[in-house]
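K.L.:
First the structure, then my questions, so here it is.
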Amino acid sequence: TLSPVKSEGLKLVPFFKATCVYFVLWLPASSPSWFSALIKCLPIFCLWVFLLAHGFSFLGAHSSARKILAGLIFSALGDAFLIWQEQGYFVHGLLMFAITHILYSSAFGMKPINASAGLVITAVSSLSYMLLYPYLAGPFTYLVAVYVALIGFMGWRAIAGLQLANDLWTWTKLSACLGSILFMVSDLTIAVNKFCFPVPYSRAIIMATYYAAQMLIALSVVECQDAEVARKRT
């Protein structure tokens, strides 16, 4: 049952190396440059390659894989904009990631509904926004509200697919679920650090959870029929 996991793991080696390069170089946020943007985006580029390595026929046959790939492209644009956030490009980055979450939500689909997961995510999203609200001013009051709603919706659609009680889960659905939760942790850390108060080790927390989230979401679209067949046999 581990053979699909091992084969996907090998395809992810460039991603792990690129992530290590980012953390080793640890480029200071105070000096935005095209080089620092490249190093920051490199792990996401590797996830593009990871999906493309499954072949164009795979991408052609699976709309969810195409949507995740498109989301990763917008994520890279968002990462680049955030390098220059102090120069006024934070909103541009926010917009790119908002589009990413719409694409991811569409990839995860609307079935099953799983209303209880929706209620939990709504509560978490509302609490997060209530925490941020006193610190927000001007357009950010509305922009952050819309963004929180979009990432919350994405999280709901990812978590809804994981039906543990019915024994209908697969490791790809678990991957989407964990990825979406880590994405929310990463973005909440960004928001608290930017608008509320400095978060200790914020850069490490934000980027570690973000890269892990994107990797898990990219993994979630991989077809692992062998693993599912083996699971049903046991």
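Here, A, B, ... name the chains of the structure tokens in the order displayed, residue numbers run from 1 inside each chain, and ligands are numbered from 1 in the same displayed order.
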Within 9 Å of Leu182 in chain A, counting only C-alpha atoms, which residues qualify if same-chain residues fewer than 4 places away don't, as a list of chain:residue names?
P.N.:
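Once the adjacent positions are removed, what remains is A:Cys177, A:Leu178, A:Ser186, A:Asp187, A:Thr209, A:Tyr210, A:Ala212, A:Ala213, A:Gln214.
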K.L.:
If we count only C-alpha atoms and set the cut-off at 12 Å, which residues sit around Leu52 in chain A, ignoring sequence neighbours fewer than 6 positions away in its own chain? Please answer as an mmCIF file with all heavy atoms, in the first residue's frame.
P.N.:
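Final output, out30.cif:
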data_model
loop_
_atom_site.group_PDB
_atom_site.id
_atom_site.type_symbol
_atom_site.label_atom_id
_atom_site.label_comp_id
_atom_site.auth_asym_id
_atom_site.auth_seq_id
_atom_site.Cartn_x
_atom_site.Cartn_y
_atom_site.Cartn_z
ATOM 1 N N LYS A 11 9.096 12.030 -6.597
ATOM 2 C CA LYS A 11 8.814 13.185 -7.458
ATOM 3 C C LYS A 11 8.874 14.501 -6.686
ATOM 4 O O LYS A 11 8.968 15.567 -7.284
ATOM 5 C CB LYS A 11 7.432 13.036 -8.100
ATOM 6 C CG LYS A 11 7.348 11.916 -9.128
ATOM 7 C CD LYS A 11 5.938 11.829 -9.693
ATOM 8 C CE LYS A 11 5.788 10.568 -10.534
ATOM 9 N NZ LYS A 11 4.484 9.952 -10.410
ATOM 10 N N LEU A 12 8.772 14.395 -5.358
ATOM 11 C CA LEU A 12 8.781 15.606 -4.524
ATOM 12 C C LEU A 12 10.181 16.004 -4.055
ATOM 13 O O LEU A 12 10.332 17.023 -3.389
ATOM 14 C CB LEU A 12 7.878 15.401 -3.298
ATOM 15 C CG LEU A 12 6.372 15.520 -3.555
ATOM 16 C CD1 LEU A 12 5.586 15.035 -2.352
ATOM 17 C CD2 LEU A 12 5.982 16.950 -3.896
ATOM 18 N N PHE A 45 7.359 26.408 -7.769
ATOM 19 C CA PHE A 45 7.691 25.993 -9.146
ATOM 20 C C PHE A 45 7.882 24.477 -9.195
ATOM 21 O O PHE A 45 7.460 23.819 -10.147
ATOM 22 C CB PHE A 45 8.976 26.671 -9.639
ATOM 23 C CG PHE A 45 8.878 28.173 -9.790
ATOM 24 C CD1 PHE A 45 10.016 28.953 -9.771
ATOM 25 C CD2 PHE A 45 7.640 28.795 -9.967
ATOM 26 C CE1 PHE A 45 9.935 30.338 -9.906
ATOM 27 C CE2 PHE A 45 7.550 30.179 -10.106
ATOM 28 C CZ PHE A 45 8.697 30.955 -10.078
ATOM 29 N N CYS A 46 8.538 23.935 -8.156
ATOM 30 C CA CYS A 46 8.783 22.480 -8.104
ATOM 31 C C CYS A 46 7.475 21.701 -8.002
ATOM 32 O O CYS A 46 7.374 20.582 -8.512
ATOM 33 C CB CYS A 46 9.698 22.132 -6.931
ATOM 34 S SG CYS A 46 11.396 22.717 -7.154
ATOM 35 N N PHE A 58 -2.926 13.043 -17.732
ATOM 36 C CA PHE A 58 -3.440 13.063 -16.354
ATOM 37 C C PHE A 58 -4.142 14.391 -16.093
ATOM 38 O O PHE A 58 -5.263 14.435 -15.584
ATOM 39 C CB PHE A 58 -2.283 12.854 -15.364
ATOM 40 C CG PHE A 58 -2.654 13.131 -13.930
ATOM 41 C CD1 PHE A 58 -3.349 12.195 -13.181
ATOM 42 C CD2 PHE A 58 -2.300 14.333 -13.319
ATOM 43 C CE1 PHE A 58 -3.696 12.448 -11.860
ATOM 44 C CE2 PHE A 58 -2.640 14.592 -12.007
ATOM 45 C CZ PHE A 58 -3.347 13.643 -11.275
ATOM 46 N N LEU A 59 -3.468 15.498 -16.460
ATOM 47 C CA LEU A 59 -4.055 16.826 -16.252
ATOM 48 C C LEU A 59 -5.298 17.013 -17.115
ATOM 49 O O LEU A 59 -6.268 17.639 -16.690
ATOM 50 C CB LEU A 59 -3.021 17.916 -16.573
ATOM 51 C CG LEU A 59 -1.854 18.021 -15.589
ATOM 52 C CD1 LEU A 59 -0.763 18.927 -16.136
ATOM 53 C CD2 LEU A 59 -2.330 18.548 -14.235
ATOM 54 N N GLY A 60 -5.250 16.446 -18.332
ATOM 55 C CA GLY A 60 -6.405 16.551 -19.231
ATOM 56 C C GLY A 60 -7.617 15.814 -18.707
ATOM 57 O O GLY A 60 -8.762 16.251 -18.896
ATOM 58 N N ALA A 65 -7.014 18.457 -10.949
ATOM 59 C CA ALA A 65 -5.559 18.619 -11.050
ATOM 60 C C ALA A 65 -5.204 19.914 -11.777
ATOM 61 O O ALA A 65 -4.280 20.631 -11.389
ATOM 62 C CB ALA A 65 -4.948 17.420 -11.778
ATOM 63 N N ARG A 66 -5.969 20.231 -12.817
ATOM 64 C CA ARG A 66 -5.737 21.488 -13.560
ATOM 65 C C ARG A 66 -5.998 22.698 -12.671
ATOM 66 O O ARG A 66 -5.262 23.688 -12.720
ATOM 67 C CB ARG A 66 -6.633 21.556 -14.808
ATOM 68 C CG ARG A 66 -6.309 20.523 -15.866
ATOM 69 C CD ARG A 66 -6.962 20.855 -17.200
ATOM 70 N NE ARG A 66 -8.415 20.917 -17.137
ATOM 71 C CZ ARG A 66 -9.221 19.856 -17.243
ATOM 72 N NH1 ARG A 66 -8.705 18.646 -17.396
ATOM 73 N NH2 ARG A 66 -10.535 19.998 -17.212
ATOM 74 N N ILE A 68 -5.791 22.804 -9.355
ATOM 75 C CA ILE A 68 -4.725 22.904 -8.359
ATOM 76 C C ILE A 68 -3.472 23.506 -8.995
ATOM 77 O O ILE A 68 -2.798 24.356 -8.392
ATOM 78 C CB ILE A 68 -4.405 21.523 -7.740
ATOM 79 C CG1 ILE A 68 -5.607 20.968 -6.974
ATOM 80 C CG2 ILE A 68 -3.180 21.602 -6.823
ATOM 81 C CD1 ILE A 68 -6.015 21.712 -5.735
ATOM 82 N N LEU A 69 -3.152 23.084 -10.214
ATOM 83 C CA LEU A 69 -1.994 23.641 -10.923
ATOM 84 C C LEU A 69 -2.179 25.145 -11.141
ATOM 85 O O LEU A 69 -1.251 25.931 -10.903
ATOM 86 C CB LEU A 69 -1.790 22.930 -12.256
ATOM 87 C CG LEU A 69 -0.619 23.426 -13.127
ATOM 88 C CD1 LEU A 69 0.717 23.291 -12.390
ATOM 89 C CD2 LEU A 69 -0.564 22.682 -14.458
ATOM 90 N N ALA A 70 -3.373 25.553 -11.564
ATOM 91 C CA ALA A 70 -3.649 26.984 -11.745
ATOM 92 C C ALA A 70 -3.522 27.729 -10.417
ATOM 93 O O ALA A 70 -2.965 28.836 -10.361
ATOM 94 C CB ALA A 70 -5.050 27.172 -12.330
ATOM 95 N N LEU A 72 -1.600 26.921 -7.935
ATOM 96 C CA LEU A 72 -0.162 27.020 -7.626
ATOM 97 C C LEU A 72 0.506 28.142 -8.426
ATOM 98 O O LEU A 72 1.421 28.802 -7.940
ATOM 99 C CB LEU A 72 0.537 25.684 -7.898
ATOM 100 C CG LEU A 72 0.236 24.566 -6.896
ATOM 101 C CD1 LEU A 72 0.704 23.219 -7.437
ATOM 102 C CD2 LEU A 72 0.903 24.855 -5.547
ATOM 103 N N ALA A 218 -1.135 19.780 -3.342
ATOM 104 C CA ALA A 218 -0.685 19.228 -4.634
ATOM 105 C C ALA A 218 -0.790 17.699 -4.632
ATOM 106 O O ALA A 218 -1.218 17.090 -5.621
ATOM 107 C CB ALA A 218 0.744 19.665 -4.928
ATOM 108 N N VAL A 221 -4.377 15.678 -5.338
ATOM 109 C CA VAL A 221 -5.006 15.404 -6.637
ATOM 110 C C VAL A 221 -4.428 14.177 -7.324
ATOM 111 O O VAL A 221 -4.893 13.773 -8.380
ATOM 112 C CB VAL A 221 -4.871 16.613 -7.602
ATOM 113 C CG1 VAL A 221 -5.612 17.806 -7.067
ATOM 114 C CG2 VAL A 221 -3.425 16.948 -7.885
ATOM 115 N N VAL A 222 -3.413 13.596 -6.718
ATOM 116 C CA VAL A 222 -2.769 12.435 -7.342
ATOM 117 C C VAL A 222 -3.680 11.219 -7.225
ATOM 118 O O VAL A 222 -4.176 10.893 -6.152
ATOM 119 C CB VAL A 222 -1.405 12.150 -6.665
ATOM 120 C CG1 VAL A 222 -0.799 10.867 -7.212
ATOM 121 C CG2 VAL A 222 -0.460 13.317 -6.885
#
K.L.:
Skip Phe23 in chain A itself and residues of its chain fewer than 2 positions away, then list as a ChimeraX atom specification all residues within 12 Å of it, counting only C-alpha atoms.
P.N.:
/A:16-21,25-28,36,39-40,42-43,203-208,211
K.L.:
Tell me, as a ChimeraX atom specification, which residues lie within 7 Å of Ile44 in chain A, counting only C-alpha atoms; anything in the same chain fewer than 3 positions away does not count.
P.N.:
/A:41,47-48,72,76
K.L.:
Once you have the residues from the selection above, write them out as a compact mmCIF listing (two decimals), in the first residue's frame, restricted to all heavy atoms.
P.N.:
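Final output, selection_38.txt:
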# COMPACT_ATOMS: atom_id res chain seq x y z
N CYS A 41 9.78 31.50 -4.42
CA CYS A 41 8.82 30.83 -5.31
C CYS A 41 9.30 29.46 -5.79
O CYS A 41 8.49 28.67 -6.28
CB CYS A 41 8.54 31.70 -6.53
SG CYS A 41 7.71 33.26 -6.15
N LEU A 47 6.47 22.29 -7.35
CA LEU A 47 5.15 21.63 -7.29
C LEU A 47 4.44 21.69 -8.63
O LEU A 47 3.67 20.78 -8.96
CB LEU A 47 4.29 22.26 -6.18
CG LEU A 47 4.76 22.00 -4.74
CD1 LEU A 47 3.89 22.73 -3.74
CD2 LEU A 47 4.80 20.50 -4.42
N TRP A 48 4.69 22.75 -9.42
CA TRP A 48 4.18 22.76 -10.80
C TRP A 48 4.74 21.55 -11.54
O TRP A 48 4.02 20.81 -12.20
CB TRP A 48 4.63 24.00 -11.56
CG TRP A 48 4.20 25.33 -11.09
CD1 TRP A 48 3.43 25.63 -9.99
CD2 TRP A 48 4.52 26.60 -11.70
NE1 TRP A 48 3.27 26.99 -9.89
CE2 TRP A 48 3.92 27.61 -10.92
CE3 TRP A 48 5.26 26.96 -12.83
CZ2 TRP A 48 4.04 28.96 -11.23
CZ3 TRP A 48 5.37 28.31 -13.14
CH2 TRP A 48 4.76 29.29 -12.35
N LEU A 72 -1.60 26.92 -7.94
CA LEU A 72 -0.16 27.02 -7.63
C LEU A 72 0.51 28.14 -8.43
O LEU A 72 1.42 28.80 -7.94
CB LEU A 72 0.54 25.68 -7.90
CG LEU A 72 0.24 24.57 -6.90
CD1 LEU A 72 0.70 23.22 -7.44
CD2 LEU A 72 0.90 24.86 -5.55
N ALA A 76 2.33 31.42 -6.72
CA ALA A 76 3.68 31.92 -7.00
C ALA A 76 3.65 33.43 -7.25
O ALA A 76 4.52 34.17 -6.78
CB ALA A 76 4.29 31.18 -8.19
K.L.:
Excluding Ala176 in chain A and any residue of its chain fewer than 4 positions from it, enumerate the residues within 8 Å of it, using only C-alpha atoms, and give them as an mmCIF file with C-alpha atoms, in the first residue's frame.
P.N.:
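Below is the file that was written, around-v8.cif:
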data_model
loop_
_atom_site.group_PDB
_atom_site.id
_atom_site.type_symbol
_atom_site.label_atom_id
_atom_site.label_comp_id
_atom_site.auth_asym_id
_atom_site.auth_seq_id
_atom_site.Cartn_x
_atom_site.Cartn_y
_atom_site.Cartn_z
ATOM 1 C CA ALA A 158 -11.209 20.181 1.781
ATOM 2 C CA ILE A 159 -12.275 18.960 5.238
ATOM 3 C CA THR A 172 -5.293 11.992 -0.841
ATOM 4 C CA SER A 180 -6.051 23.388 4.005
ATOM 5 C CA LEU A 216 -0.191 18.401 0.700
ATOM 6 C CA ILE A 217 -2.754 20.111 -1.545
ATOM 7 C CA LEU A 219 -0.514 15.613 -3.400
ATOM 8 C CA SER A 220 -4.280 15.512 -2.887
#
K.L.:
Between A:Ala115, A:Val124, A:Ala80, A:Val91, which residue has the minimum interatomic distance to Ile151 in chain A, considering only C-alpha atoms?
P.N.:
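Of the candidates, the smallest distance to Ile151 in chain A is held by A:Val124.
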K.L.:
Just want the 8 Å neighbourhood of Ser105 in chain A, counted on only C-alpha atoms, with same-chain residues fewer than 5 positions away dropped. Output as a list in words.
P.N.:
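Neighbouring residues, sequence-local ones excluded: Phe153, Met154, Gly155, Arg157 and Ala158 of chain A.
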K.L.:
Measuring between only C-alpha atoms, which one of A:Val24, A:Ser31, A:Met110, A:Pro198 shows the shortest distance to Gln87 in chain A?
P.N.:
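Closest to Gln87 in chain A, using only C-alpha atoms: A:Ser31.
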K.L.:
Please return as a PyMOL selection string: the residues of range 32-169 of chain A that backbone DSSP assigns to alpha helix (DSSP H).
P.N.:
chain A and resi 34-52+56-61+63-83+90-108+115-132+140-160
K.L.:
Excluding same-chain residues fewer than 3 positions from Ser128 in chain A, what lies within 12 Å of it counting only C-alpha atoms, as a ChimeraX atom specification?
P.N.:
/A:121-125,131-134,144-145,147-149,151-152,184-185,187-189,191-192,196
K.L.:
Please produce an output containing N, CA, C and O atoms for each residue in the selection, written as an mmCIF file, in the first residue's frame.
P.N.:
data_model
loop_
_atom_site.group_PDB
_atom_site.id
_atom_site.type_symbol
_atom_site.label_atom_id
_atom_site.label_comp_id
_atom_site.auth_asym_id
_atom_site.auth_seq_id
_atom_site.Cartn_x
_atom_site.Cartn_y
_atom_site.Cartn_z
ATOM 1 N N ILE A 121 -15.836 25.418 10.700
ATOM 2 C CA ILE A 121 -14.976 26.359 9.964
ATOM 3 C C ILE A 121 -15.532 27.777 10.049
ATOM 4 O O ILE A 121 -14.782 28.750 10.199
ATOM 5 N N THR A 122 -16.856 27.918 9.976
ATOM 6 C CA THR A 122 -17.485 29.244 10.102
ATOM 7 C C THR A 122 -17.175 29.852 11.464
ATOM 8 O O THR A 122 -16.853 31.046 11.562
ATOM 9 N N ALA A 123 -17.251 29.024 12.510
ATOM 10 C CA ALA A 123 -16.950 29.506 13.862
ATOM 11 C C ALA A 123 -15.485 29.938 13.971
ATOM 12 O O ALA A 123 -15.180 31.012 14.513
ATOM 13 N N VAL A 124 -14.575 29.104 13.447
ATOM 14 C CA VAL A 124 -13.136 29.416 13.502
ATOM 15 C C VAL A 124 -12.825 30.687 12.702
ATOM 16 O O VAL A 124 -12.084 31.564 13.164
ATOM 17 N N SER A 125 -13.415 30.790 11.499
ATOM 18 C CA SER A 125 -13.198 31.959 10.644
ATOM 19 C C SER A 125 -13.735 33.229 11.305
ATOM 20 O O SER A 125 -13.080 34.283 11.279
ATOM 21 N N LEU A 131 -10.795 38.614 16.045
ATOM 22 C CA LEU A 131 -9.475 38.903 16.622
ATOM 23 C C LEU A 131 -8.784 40.018 15.837
ATOM 24 O O LEU A 131 -8.165 40.921 16.413
ATOM 25 N N LEU A 132 -8.906 39.963 14.506
ATOM 26 C CA LEU A 132 -8.217 40.921 13.633
ATOM 27 C C LEU A 132 -8.942 42.263 13.535
ATOM 28 O O LEU A 132 -8.294 43.308 13.379
ATOM 29 N N TYR A 133 -10.273 42.242 13.623
ATOM 30 C CA TYR A 133 -11.090 43.416 13.322
ATOM 31 C C TYR A 133 -10.647 44.713 14.022
ATOM 32 O O TYR A 133 -10.545 45.759 13.354
ATOM 33 N N PRO A 134 -10.364 44.694 15.338
ATOM 34 C CA PRO A 134 -9.982 45.958 15.995
ATOM 35 C C PRO A 134 -8.704 46.586 15.422
ATOM 36 O O PRO A 134 -8.486 47.790 15.594
ATOM 37 N N VAL A 144 -9.907 41.883 4.204
ATOM 38 C CA VAL A 144 -9.570 40.755 5.075
ATOM 39 C C VAL A 144 -10.804 39.903 5.347
ATOM 40 O O VAL A 144 -10.716 38.672 5.394
ATOM 41 N N ALA A 145 -11.964 40.541 5.487
ATOM 42 C CA ALA A 145 -13.212 39.787 5.713
ATOM 43 C C ALA A 145 -13.491 38.853 4.536
ATOM 44 O O ALA A 145 -13.813 37.673 4.725
ATOM 45 N N TYR A 147 -11.312 37.778 2.333
ATOM 46 C CA TYR A 147 -10.241 36.774 2.253
ATOM 47 C C TYR A 147 -10.471 35.652 3.272
ATOM 48 O O TYR A 147 -10.331 34.468 2.946
ATOM 49 N N VAL A 148 -10.830 36.027 4.502
ATOM 50 C CA VAL A 148 -11.099 35.026 5.550
ATOM 51 C C VAL A 148 -12.246 34.116 5.113
ATOM 52 O O VAL A 148 -12.204 32.890 5.312
ATOM 53 N N ALA A 149 -13.276 34.713 4.484
ATOM 54 C CA ALA A 149 -14.413 33.913 4.004
ATOM 55 C C ALA A 149 -13.974 32.934 2.922
ATOM 56 O O ALA A 149 -14.380 31.764 2.930
ATOM 57 N N ILE A 151 -10.831 31.690 2.276
ATOM 58 C CA ILE A 151 -9.944 30.610 2.763
ATOM 59 C C ILE A 151 -10.735 29.666 3.672
ATOM 60 O O ILE A 151 -10.496 28.448 3.680
ATOM 61 N N GLY A 152 -11.707 30.205 4.402
ATOM 62 C CA GLY A 152 -12.564 29.359 5.231
ATOM 63 C C GLY A 152 -13.393 28.405 4.382
ATOM 64 O O GLY A 152 -13.521 27.220 4.689
ATOM 65 N N MET A 184 -4.511 27.743 6.463
ATOM 66 C CA MET A 184 -5.220 28.690 7.339
ATOM 67 C C MET A 184 -4.325 29.150 8.493
ATOM 68 O O MET A 184 -4.325 30.329 8.846
ATOM 69 N N VAL A 185 -3.553 28.219 9.047
ATOM 70 C CA VAL A 185 -2.610 28.577 10.126
ATOM 71 C C VAL A 185 -1.578 29.571 9.616
ATOM 72 O O VAL A 185 -1.284 30.588 10.265
ATOM 73 N N ASP A 187 -1.789 31.677 7.002
ATOM 74 C CA ASP A 187 -2.367 32.987 6.678
ATOM 75 C C ASP A 187 -2.814 33.746 7.920
ATOM 76 O O ASP A 187 -2.720 34.976 7.968
ATOM 77 N N LEU A 188 -3.294 33.026 8.933
ATOM 78 C CA LEU A 188 -3.670 33.697 10.180
ATOM 79 C C LEU A 188 -2.424 34.281 10.851
ATOM 80 O O LEU A 188 -2.463 35.392 11.395
ATOM 81 N N THR A 189 -1.324 33.546 10.784
ATOM 82 C CA THR A 189 -0.062 34.038 11.352
ATOM 83 C C THR A 189 0.401 35.302 10.621
ATOM 84 O O THR A 189 0.844 36.270 11.254
ATOM 85 N N ALA A 191 -1.540 37.462 9.081
ATOM 86 C CA ALA A 191 -2.461 38.547 9.434
ATOM 87 C C ALA A 191 -2.187 39.091 10.835
ATOM 88 O O ALA A 191 -2.128 40.310 11.031
ATOM 89 N N VAL A 192 -2.010 38.189 11.793
ATOM 90 C CA VAL A 192 -1.740 38.624 13.170
ATOM 91 C C VAL A 192 -0.419 39.390 13.228
ATOM 92 O O VAL A 192 -0.313 40.459 13.853
ATOM 93 N N CYS A 196 -1.752 42.939 13.927
ATOM 94 C CA CYS A 196 -1.984 42.970 15.377
ATOM 95 C C CYS A 196 -0.701 43.207 16.187
ATOM 96 O O CYS A 196 -0.528 44.269 16.762
#
K.L.:
Using only C-alpha atoms, pick whichever of A:Phe35, A:Tyr129, A:Phe74, A:Tyr22 has the shortest atom-to-atom distance to Thr141 in chain A.
P.N.:
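Closest to Thr141 in chain A, using only C-alpha atoms: A:Tyr129.
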K.L.:
Closest to Gly93 in chain A among A:Leu143, A:Val120, A:Ala107, A:Val199, using only C-alpha atoms?
P.N.:
A:Leu143
K.L.:
Please, what distance in Å, to one decimal, runs between CA of Ala37 in chain A and CA of Gly78 in chain A?
P.N.:
10.3 Å
